[in-house]
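I have placed the structure first, in the form of structure tokens, so that the comments after it can refer back to it.
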Number of protein chains: 4
Amino acid sequence: MLRDNPLGDPADRDLYCYLPPGYDNSQARYPVIYFLTGFTGTGRSMLNFDPFAESMDARLDRLISSGEMPAAICVLPDCFTRLGGSQYMNSSATGRYEDYLIEEIVPLVDERLRTKAGRDHRGVTGKSSGGYGAMRLAMRQPQTFGALGTHAGDAYFAYCYLPDFPKFVTGIEQHGGVEKFFKHFVTLPKKTHEAMEVLNILAMAACYSPDPKMPMGIDLPVKLPSGEIRGDVWKRWEANDPVHMVREHADALKSMKKIYVDAGLRDEFNLQFGARIFCSRLDEIGVPYLHEEFDDNHMGISYRYDRSFVELGKALA
Amino acid sequence: MLRDNPLGDPADRDLYCYLPPGYDNSQARYPVIYFLTGFTGTGRSMLNFDPFAESMDARLDRLISSGEMPAAICVLPDCFTRLGGSQYMNSSATGRYEDYLIEEIVPLVDERLRTKAGRDHRGVTGKSSGGYGAMRLAMRQPQTFGALGTHAGDAYFAYCYLPDFPKFVTGIEQHGGVEKFFKHFVTLPKKTHEAMEVLNILAMAACYSPDPKMPMGIDLPVKLPSGEIRGDVWKRWEANDPVHMVREHADALKSMKKIYVDAGLRDEFNLQFGARIFCSRLDEIGVPYLHEEFDDNHMGISYRYDRSFVELGKALA
Amino acid sequence: MLRDNPLGDPADRDLYCYLPPGYDNSQARYPVIYFLTGFTGTGRSMLNFDPFAESMDARLDRLISSGEMPAAICVLPDCFTRLGGSQYMNSSATGRYEDYLIEEIVPLVDERLRTKAGRDHRGVTGKSSGGYGAMRLAMRQPQTFGALGTHAGDAYFAYCYLPDFPKFVTGIEQHGGVEKFFKHFVTLPKKTHEAMEVLNILAMAACYSPDPKMPMGIDLPVKLPSGEIRGDVWKRWEANDPVHMVREHADALKSMKKIYVDAGLRDEFNLQFGARIFCSRLDEIGVPYLHEEFDDNHMGISYRYDRSFVELGKALA
Amino acid sequence: MLRDNPLGDPADRDLYCYLPPGYDNSQARYPVIYFLTGFTGTGRSMLNFDPFAESMDARLDRLISSGEMPAAICVLPDCFTRLGGSQYMNSSATGRYEDYLIEEIVPLVDERLRTKAGRDHRGVTGKSSGGYGAMRLAMRQPQTFGALGTHAGDAYFAYCYLPDFPKFVTGIEQHGGVEKFFKHFVTLPKKTHEAMEVLNILAMAACYSPDPKMPMGIDLPVKLPSGEIRGDVWKRWEANDPVHMVREHADALKSMKKIYVDAGLRDEFNLQFGARIFCSRLDEIGVPYLHEEFDDNHMGISYRYDRSFVELGKALA
């Protein structure tokens with residue numbers, strides 16, 4: 001599915017899957033939770049080792065062994081691109097990552113592992129861009145996913161992306177255009193915070209407003225060098241904003257067996273507001289959800305994953 | 001004019017005026033430059049003493065004595081309010097500060113001082129909210145002002161205010177509404193940076209979207225607690241955005257004898273983009289201007305005032 | 001006294017004195033509190049106007065009118081130098097500021113104003129470098145001052161200055177020595193935070209380790225470019241550290257009618273520790289004091305001045 | 001060797017070793033470079049995957065394949081403790097990590113892998129606390145190591161640790177002592193920056209000033225709550241400071257086949273000064289070295305590892 005993707009990213013990727021305690025010694029079938037990583041993450045990087053933090057497998061072992069969460073398989077798909085991520089979407093600028101997940105990864109998992117196949121036993125959750133992917137996929141692929149979790153998922157683009165447009169313009173101007181910026185970025189031995197902020201908006205534009213006629217196949221949401229927002233491109237972005245997608249996908253959302261939403265009260269990308277507005281849209285269409293806020297920022301919040309794992313695990317068991 | 005203003009701010013105010021070297025020993029008449037201070041500033045605070053910086057009067061003495069700038073009177077009006085400022089506008093929530101300036105201060109200055117009365121010898125400049133005031137007044141009061149300067153003036157609200165809306169919502173929610181926030185703010189022995197960020201948006205709402213039916217007479221641009229932007233109120237704000245006012249006031253701008261615009265390349269409020277977009281609008285209506293950018297941020301840039309004083313001084317001589 | 005000071009700073013200075021309510025309509029004599037400003041401050045800058053803060057005269061009017069504090073005169077001496085300050089000391093590198101205060105200003109005040117002359121009715125307090133000056137003068141000039149206040153006064157140099165030595169070395173090296181640095185500093189239209197950090201250590205060296213044979217008459221506490229601390233110079237600094245001066249000046253401290261000490265719990269210069277250690281030294285010599293800590297940092301804490309004004313006012317009445 | 005260590009850390013640990021290209025298809029023997037990770041790192045965490053950075057094995061493959069560096073084995077020892085690290089020392093408070101490395105790991109590597117055994121073909125390098133460990137081990141164990149590299153290694157404790165003592169005191173006081181702090185730390189789902197700063201000083205005290213009679217077996221370099229530095233304990237720290245160890249270990253340093261030292265010019269822990277002072281001490285004893293500085297800070301500088309790998313690789317070939 002990723003064959004010949006426009007960025008030259010690998011089409012063959014490792015797929016890491018967590019198997020619950022007892023899997024090998026039983027014939028049981030298990031529900032499956034897909035956990036989507038955030039921007040700049042890959043499946044493998046989710047398994048990075050920090051001696052002061054709990055790893056994903058230790059977390060799931062603990063939750064399942066303690067009985068808090070019914071046993072489940074957890075799949076960590078890799079939808080990374082050279083731009084830092086794909087938002088788990090199809091885009092002419094990055095590749096067909098939504099198709100890859102739905103048409104290639106999900107069938108493969110069901111073929112190779114003893115899953116309880118079927119959307120009622122399959123959920124999707126994630127953090128940040130992974131939370132975005134989860135919201136998006138739950139709305140667009142209800143035949144595949146029956147439960148949704150999102151931790152600090154990208155939403156309400158006017159708050160989570162727009163405030164970084166000025167830095168984006170400054171960064172692109174400094175390098176003389178998107179192609180020169182990206183060429184420079186690739187060679188940086190250390191990806192600075194400033195460079196990552198520019199890359200983030202560029203990657204979002206690759207996902208939300210691709211245009212084969214433009215440099216790198218990407219239409220920008222701003223004019224250069226004035227920074228003025230281009231209304232037509234911004235509309236394309238908003239069409240991909242979860243808070244704007246709710247009404248159109250009301251039936252899909254109504255069909256979810258569980259919707260879990262959270263964000264930290266000090267999220268640097270203002271995603272607590274994205275979460276609130278997403279939930280207010282769910283209210284408007286009469287869909288129940290579980291919404292939590294916690295006293296933390298955007299980074300280092302893997303301890304929150306317990307919540308969606310437990311909630312989705314119960315709903316999908 | 002400020003009698004019975006809604007915030008209970010003083011109606012009688014000191015007015016500080018700079019007189020050029022030689023004023024007392026001559027019968028000459030001088031052009032007048034009105035310099036408008038930024039948010040939280042007053043006329044008097046512009047004369048604060050910093051042993052490591054040049055004071056306003058020393059600056060003008062130097063510019064005039066060296067011959068860089070023709071002799072001029074400089075007036076420092078006080079349009080401060082308990083909310084931190086008035087944007088030099090009329091508002092039912094703050095008072096009639098535009099009228100106060102045009103109908104009360106300007107005639108008073110012309111009456112008391114040996115001015116060259118008349119718009120061709122009267123200019124307006126300022127910094128930050130004062131730059132905003134200068135742009136606004138030049139566009140709306142061309143019969144009063146014949147030249148415009150703006151240093152890092154508020155413009156393109158999507159970049160200079162909108163990114164602070166999330167902090168505003170957080171701050172207001174913490175205190176339980178605008179009235180409780182403001183009551184708390186007034187008692188703070190030290191106005192923290194966080195409190196000032198909240199006050200700033202509240203003050204802008206008082207200026208751009210007053211509504212006598214709302215608490216404090218202010219309609220907010222966001223829903224509480226979700227933070228969602230209210231499209232109708234945002235439209236009221238945009239109607240006051242200098243970049244949106246240009247077309248309607250094309251004739252006024254065409255009549256300016258000089259337009260000087262600058263901002264720092266690292267302005268924390270992204271006002272370099274406001275300046276660029278304002279200038280691009282001037283291009284569209286065919287109005288010439290002088291636009292400069294410099295390598296600095298928003299604070300401590302009084303050394304830039306030289307530029308508008310010199311340019312306006314020459315144009316108004 | 002300041003005639004021909006080595007930095008060429010003015011020898012004639014304005015002296016601002018606060019007179020209590022009723023002064024003009026009475027024949028009463030009043031105690032005097034000398035308030036010493038912090039680094040980069042002057043007497044005049046203490047009167048700067050901030051519409052959101054209480055000015056020094058309004059503060060004293062309020063404290064006296066409410067009866068919290070007995071009526072007193074307050075003197076705001078100016079011991080500023082081109083290096084940012086003098087620490088209220090005599091130094092061959094800056095001038096004779098201790099002598100200036102004790103031999104010139106105090107007699108002048110007693111001559112011109114209706115003071116209760118005599119150390120039992122004369123106190124000294126201040127903030128930051130002014131708190132340092134107050135501690136120093138109380139210890140060294142007990143015949144002049146009978147009460148001491150210090151708000152976040154410089155003390156325990158290993159915590160308040162030493163951590164900035166690396167930045168100092170970097171800054172001096174960048175400019176190629178102290179003389180080139182200072183020449184550059186003077187021309188900066190805007191004194192950046194980085195430049196001020198370098199200036200601060202340079203000024204302290206001018207006060208604590210002057211040496212006429214060295215560039216600018218200043219011996220540095222560090223080797224260039226390695227940054228290694230020079231033990232002999234550091235000893236000169238420590239001899240001026242209030243916490244090291246206590247034992248030698250035990251009698252002076254015992255003679256104080258009141259010692260008030262405070263600092264914020266989040267002081268950026270770690271001066272809460274200087275205050276604690278100073279107080280522990282007072283404990284060792286059996287001198288009573290009033291020690292307070294508050295939840296704030298180093299900046300914008302003028303609201304704390306109430307405390308030393310009230311305590312000293314009562315002790316000196 | 002780590003059996004029954006006082007913190008209850010694991011005695012059996014995975015040991016990750018890099019084998020150069022061609023190892024499996026040859027009978028050749030290779031020199032060995034030990035790379036020591038920084039504070040909070042483990043052997044395994046050095047292999048964490050970041051799609052935007054080069055992994056350790058890819059780095060060595062590239063350096064060796066291109067011919068820049070002769071083929072070598074690289075060993076990544078794990079000397080992590082529950083306190084975040086061991087400084088690669090023996091301490092009654094943490095365990096016998098120096099013995100573990102020298103007496104257990106090095107022999108094991110020589111037994112299991114085709115190494116060129118002998119100190120002339122064995123080097124040690126590392127970053128931050130790992131650079132400290134490398135300096136320490138090269139000085140104390142010259143019979144084991146014949147070459148030294150250090151990237152931003154801990155040195156000159158007055159600059160790299162002392163400035164954090166005030167934060168340490170504040171953090172310990174908030175929790176009511178070291179034992180309560182550590183109990184709290186362990187339970188934190190997210191280790192905040194503030195908590196890590198406190199832990200860092202606590203861990204250094206465990207390494208440099210252990211004392212079985214004190215809580216957690218650790219003597220603190222400061223008095224609580226005043227923060228005053230305890231001279232006797234500070235002396236114990238200084239005895240472990242690389243810049244103070246040089247003279248005593250002059251012969252060991254003279255025997256090194258290569259000494260490589262670097263640090264970034266904006267290192268947050270001021271380690272560029274530690275490097276400079278360490279080198280000035282080498283000058284004093286007449287030992288040659290290679291010293292480099294680069295324009296970066298302390299974090300994300302793995303791209304610098306190329307330099308010590310290349311220099312040590314050549315010297316040990």
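Simple scheme: letters A, B, ... for chains in structure tokens order, numbers from 1 for residues in each chain, numbers from 1 for ligands in the order shown.
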What are the closest atom pairs, with distances in Å to one decimal, for each residue of chain A lying within 9 Å of chain D, using only C-alpha atoms, rows by chain and rising residue number, as a tab-separated table?
```
residue	atom	partner	partner_atom	distance
A:Thr40	CA	D:Pro51	CA	7.3
A:Gly41	CA	D:Pro51	CA	7.4
A:Thr42	CA	D:Pro51	CA	7.3
A:Arg44	CA	D:Phe49	CA	6.8
A:Ser45	CA	D:Phe49	CA	5.1
A:Met46	CA	D:Phe49	CA	8.7
A:Leu47	CA	D:Asn48	CA	8.1
A:Asn48	CA	D:Asn48	CA	4.9
A:Phe49	CA	D:Ser45	CA	5.1
A:Asp50	CA	D:Ser45	CA	6.2
A:Pro51	CA	D:Thr40	CA	7.3
A:Phe52	CA	D:Lys191	CA	7.5
A:Ala53	CA	D:Pro189	CA	7.4
A:Glu54	CA	D:Pro189	CA	8.6
A:Phe80	CA	D:Pro51	CA	8.5
A:Arg82	CA	D:Phe52	CA	8.4
A:Gly84	CA	D:Phe52	CA	8.3
A:Val186	CA	D:Phe52	CA	8.4
A:Pro189	CA	D:Tyr303	CA	6.1
A:Lys190	CA	D:Gly300	CA	6.3
A:Lys191	CA	D:Phe52	CA	7.5
A:Thr192	CA	D:Gly300	CA	8.9
A:Gly300	CA	D:Lys190	CA	6.3
A:Ile301	CA	D:Lys190	CA	7.0
A:Ser302	CA	D:Lys190	CA	8.4
A:Tyr303	CA	D:Pro189	CA	6.1
```
Give the strand (DSSP E) residues of segment 41-213 of chain C, as DSSP finds them on the backbone, and put them as a list in words.
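Selecting the strand (DSSP E) positions of segment 41-213 of chain C gives Ile73, Cys74, Val75, Leu76, Asn90, Ser91, Gly95, Arg96, Arg122, Gly123, Val124, Thr125, Gly126, Ala147, Leu148, Gly149, Thr150 and His151 of chain C.
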Store the residues picked out above in a file with all heavy atoms, as a short mmCIF file (atom, residue, chain, number, x, y, z; two decimals), in the first residue's frame.
```
data_model
loop_
_atom_site.label_atom_id
_atom_site.label_comp_id
_atom_site.auth_asym_id
_atom_site.auth_seq_id
_atom_site.Cartn_x
_atom_site.Cartn_y
_atom_site.Cartn_z
N ILE C 73 10.17 60.48 57.92
CA ILE C 73 10.73 60.95 56.65
C ILE C 73 11.38 59.76 55.98
O ILE C 73 11.93 58.88 56.64
CB ILE C 73 11.77 62.06 56.92
CG1 ILE C 73 11.04 63.31 57.44
CG2 ILE C 73 12.61 62.36 55.69
CD1 ILE C 73 11.99 64.34 58.06
N CYS C 74 11.32 59.70 54.66
CA CYS C 74 12.02 58.63 53.95
C CYS C 74 12.93 59.26 52.90
O CYS C 74 12.49 60.08 52.09
CB CYS C 74 11.03 57.67 53.30
SG CYS C 74 11.82 56.32 52.41
N VAL C 75 14.19 58.87 52.91
CA VAL C 75 15.19 59.43 52.00
C VAL C 75 15.59 58.38 50.98
O VAL C 75 15.82 57.22 51.34
CB VAL C 75 16.43 59.91 52.79
CG1 VAL C 75 17.49 60.46 51.83
CG2 VAL C 75 16.02 60.97 53.81
N LEU C 76 15.66 58.79 49.71
CA LEU C 76 15.99 57.86 48.62
C LEU C 76 17.32 58.28 48.00
O LEU C 76 17.35 58.98 46.99
CB LEU C 76 14.89 57.92 47.56
CG LEU C 76 13.45 57.63 48.04
CD1 LEU C 76 12.46 57.83 46.89
CD2 LEU C 76 13.33 56.24 48.61
N ASN C 90 32.69 52.16 49.63
CA ASN C 90 33.85 52.85 49.06
C ASN C 90 34.65 51.84 48.24
O ASN C 90 34.92 50.73 48.70
CB ASN C 90 34.76 53.38 50.18
CG ASN C 90 34.06 54.44 51.02
OD1 ASN C 90 33.13 55.09 50.56
ND2 ASN C 90 34.52 54.60 52.26
N SER C 91 35.05 52.25 47.04
CA SER C 91 35.89 51.37 46.22
C SER C 91 36.74 52.26 45.33
O SER C 91 36.26 53.26 44.78
CB SER C 91 35.02 50.46 45.35
OG SER C 91 35.76 50.00 44.23
N GLY C 95 34.14 54.73 43.52
CA GLY C 95 33.99 55.99 44.24
C GLY C 95 33.73 55.73 45.71
O GLY C 95 33.60 54.59 46.14
N ARG C 96 33.61 56.81 46.47
CA ARG C 96 33.47 56.67 47.92
C ARG C 96 32.01 56.82 48.31
O ARG C 96 31.61 57.82 48.90
CB ARG C 96 34.35 57.71 48.61
CG ARG C 96 35.85 57.45 48.35
CD ARG C 96 36.71 58.58 48.84
NE ARG C 96 36.46 58.86 50.25
CZ ARG C 96 36.79 60.00 50.85
NH1 ARG C 96 37.39 60.96 50.16
NH2 ARG C 96 36.52 60.19 52.11
N ARG C 122 17.18 56.79 63.33
CA ARG C 122 17.57 56.71 61.92
C ARG C 122 17.76 55.25 61.54
O ARG C 122 18.52 54.53 62.19
CB ARG C 122 18.86 57.49 61.68
CG ARG C 122 19.08 57.85 60.23
CD ARG C 122 20.42 58.52 60.00
NE ARG C 122 20.53 59.83 60.59
CZ ARG C 122 21.36 60.14 61.58
NH1 ARG C 122 22.16 59.22 62.10
NH2 ARG C 122 21.38 61.37 62.06
N GLY C 123 17.06 54.83 60.49
CA GLY C 123 17.18 53.43 60.07
C GLY C 123 17.54 53.35 58.60
O GLY C 123 17.48 54.33 57.86
N VAL C 124 17.94 52.15 58.22
CA VAL C 124 18.29 51.94 56.82
C VAL C 124 17.69 50.62 56.35
O VAL C 124 17.75 49.61 57.07
CB VAL C 124 19.82 51.99 56.61
CG1 VAL C 124 20.54 50.89 57.39
CG2 VAL C 124 20.18 51.93 55.13
N THR C 125 17.07 50.66 55.19
CA THR C 125 16.49 49.45 54.60
C THR C 125 16.68 49.53 53.10
O THR C 125 17.15 50.54 52.57
CB THR C 125 15.00 49.32 55.00
OG1 THR C 125 14.51 48.06 54.51
CG2 THR C 125 14.15 50.44 54.43
N GLY C 126 16.32 48.47 52.42
CA GLY C 126 16.48 48.48 50.98
C GLY C 126 16.18 47.13 50.39
O GLY C 126 15.88 46.18 51.12
N ALA C 147 18.60 50.94 63.15
CA ALA C 147 17.67 49.87 62.80
C ALA C 147 17.94 49.47 61.35
O ALA C 147 18.37 50.29 60.52
CB ALA C 147 16.22 50.32 62.95
N LEU C 148 17.67 48.19 61.06
CA LEU C 148 18.05 47.61 59.78
C LEU C 148 16.90 46.83 59.18
O LEU C 148 16.25 46.02 59.87
CB LEU C 148 19.23 46.65 60.01
CG LEU C 148 19.47 45.55 58.96
CD1 LEU C 148 19.85 46.16 57.62
CD2 LEU C 148 20.58 44.60 59.43
N GLY C 149 16.66 47.07 57.90
CA GLY C 149 15.73 46.23 57.14
C GLY C 149 16.40 45.76 55.87
O GLY C 149 17.24 46.48 55.30
N THR C 150 16.08 44.58 55.42
CA THR C 150 16.62 44.11 54.15
C THR C 150 15.62 43.19 53.46
O THR C 150 15.17 42.21 54.05
CB THR C 150 17.98 43.41 54.31
OG1 THR C 150 18.30 42.72 53.08
CG2 THR C 150 17.98 42.40 55.46
N HIS C 151 15.27 43.55 52.25
CA HIS C 151 14.37 42.73 51.43
C HIS C 151 15.22 42.07 50.34
O HIS C 151 15.76 42.76 49.46
CB HIS C 151 13.31 43.60 50.77
CG HIS C 151 12.46 44.37 51.74
ND1 HIS C 151 11.42 43.80 52.43
CD2 HIS C 151 12.52 45.66 52.17
CE1 HIS C 151 10.85 44.70 53.21
NE2 HIS C 151 11.50 45.85 53.07
#
```
Tell me which protein, DNA and RNA residues are within 9 Å of Gly130 of chain C, counting only C-alpha atoms, leaving out same-chain ones fewer than 2 positions away, and put them as a count of residues only.
20
Fewer than 3 positions away in the same chain doesn't count, so skip those; otherwise give me all residues within 8 Å of segment 224-239 of chain C, counting only C-alpha atoms, as a PyMOL selection string.
(chain C and resi 157+165-166+169+173+205+208-209+219-221+244-245) or (chain D and resi 273+276-277+280)
What are the DSSP helix (DSSP H, G or I) residues of segment 6-162 of chain D, as an MDAnalysis selection string?
chainID D and resid 23:25 44:47 56:65 97:112 119:121 129:140 157:160 162
Within 6 Å of segment 144-146 of chain C, counting only C-alpha atoms, which residues qualify if same-chain residues fewer than 2 places away don't, as a PDB file with N, CA, C and O atoms, in the first residue's frame?
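Written out: part_12.pdb:
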```pdb
ATOM      1  N   ARG C 119      21.197  58.238  65.873  1.00  0.00           N
ATOM      2  CA  ARG C 119      21.072  56.895  65.317  1.00  0.00           C
ATOM      3  C   ARG C 119      19.850  56.162  65.840  1.00  0.00           C
ATOM      4  O   ARG C 119      19.341  55.263  65.171  1.00  0.00           O
ATOM      5  N   ASP C 120      19.342  56.527  67.001  1.00  0.00           N
ATOM      6  CA  ASP C 120      18.178  55.819  67.529  1.00  0.00           C
ATOM      7  C   ASP C 120      16.904  56.158  66.767  1.00  0.00           C
ATOM      8  O   ASP C 120      15.866  55.524  66.963  1.00  0.00           O
ATOM      9  N   ARG C 122      17.181  56.786  63.327  1.00  0.00           N
ATOM     10  CA  ARG C 122      17.568  56.714  61.922  1.00  0.00           C
ATOM     11  C   ARG C 122      17.764  55.251  61.535  1.00  0.00           C
ATOM     12  O   ARG C 122      18.521  54.534  62.186  1.00  0.00           O
ATOM     13  N   GLY C 123      17.063  54.826  60.490  1.00  0.00           N
ATOM     14  CA  GLY C 123      17.181  53.432  60.065  1.00  0.00           C
ATOM     15  C   GLY C 123      17.543  53.346  58.603  1.00  0.00           C
ATOM     16  O   GLY C 123      17.476  54.334  57.860  1.00  0.00           O
ATOM     17  N   ALA C 138      24.497  49.031  58.432  1.00  0.00           N
ATOM     18  CA  ALA C 138      24.112  48.807  59.837  1.00  0.00           C
ATOM     19  C   ALA C 138      25.277  48.208  60.608  1.00  0.00           C
ATOM     20  O   ALA C 138      25.513  48.563  61.770  1.00  0.00           O
ATOM     21  N   GLN C 141      28.284  51.099  60.411  1.00  0.00           N
ATOM     22  CA  GLN C 141      28.011  52.481  60.822  1.00  0.00           C
ATOM     23  C   GLN C 141      26.918  52.528  61.888  1.00  0.00           C
ATOM     24  O   GLN C 141      25.928  53.258  61.745  1.00  0.00           O
ATOM     25  N   PRO C 142      27.133  51.787  62.985  1.00  0.00           N
ATOM     26  CA  PRO C 142      26.067  51.763  64.012  1.00  0.00           C
ATOM     27  C   PRO C 142      25.902  53.105  64.711  1.00  0.00           C
ATOM     28  O   PRO C 142      24.876  53.339  65.339  1.00  0.00           O
ATOM     29  N   MET C 256      21.331  47.245  67.377  1.00  0.00           N
ATOM     30  CA  MET C 256      20.192  47.618  66.532  1.00  0.00           C
ATOM     31  C   MET C 256      18.892  47.517  67.332  1.00  0.00           C
ATOM     32  O   MET C 256      18.666  46.548  68.059  1.00  0.00           O
ATOM     33  N   LYS C 257      18.035  48.500  67.138  1.00  0.00           N
ATOM     34  CA  LYS C 257      16.747  48.466  67.820  1.00  0.00           C
ATOM     35  C   LYS C 257      15.766  47.525  67.111  1.00  0.00           C
ATOM     36  O   LYS C 257      14.763  47.111  67.697  1.00  0.00           O
TER      37      LYS C 257
END
```
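In this model, the gap between atom CA of Thr170 of chain B and atom CA of Asp241 of chain A comes to 22.1 Å.
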Set the distance at 6 Å and use only C-alpha atoms: which residues neighbour segment 158-164 of chain B once local chain neighbours fewer than 4 positions away are removed? I'd like the list as a list in words.
Pro163 of chain A; Phe269 and Asn270 of chain B
Pro21 of chain C environment, 9 Å, only C-alpha atoms, sequence neighbours closer than 2 positions dropped, as a list in words
Leu19, Tyr23, Asp24, Asn25, Asp61, Ile64, Ser65 and Ala71 of chain C
Point out the residue among A:Met69, A:Cys79, A:Leu312, A:Ala93 with the least atom-to-atom distance to Leu202 of chain A, counting only C-alpha atoms.
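So, comparing all the options, the nearest one is A:Ala93.
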Could you work out how far atom CA of Lys116 of chain A lies from atom CA of Gly67 of chain A, giving the answer in Å with one decimal?
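It comes out at 19.3 Å.
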Would you work out the distance separating atom CA of Val243 of chain A from atom CA of Val222 of chain B, expressed in Å to one decimal?
15.5 Å
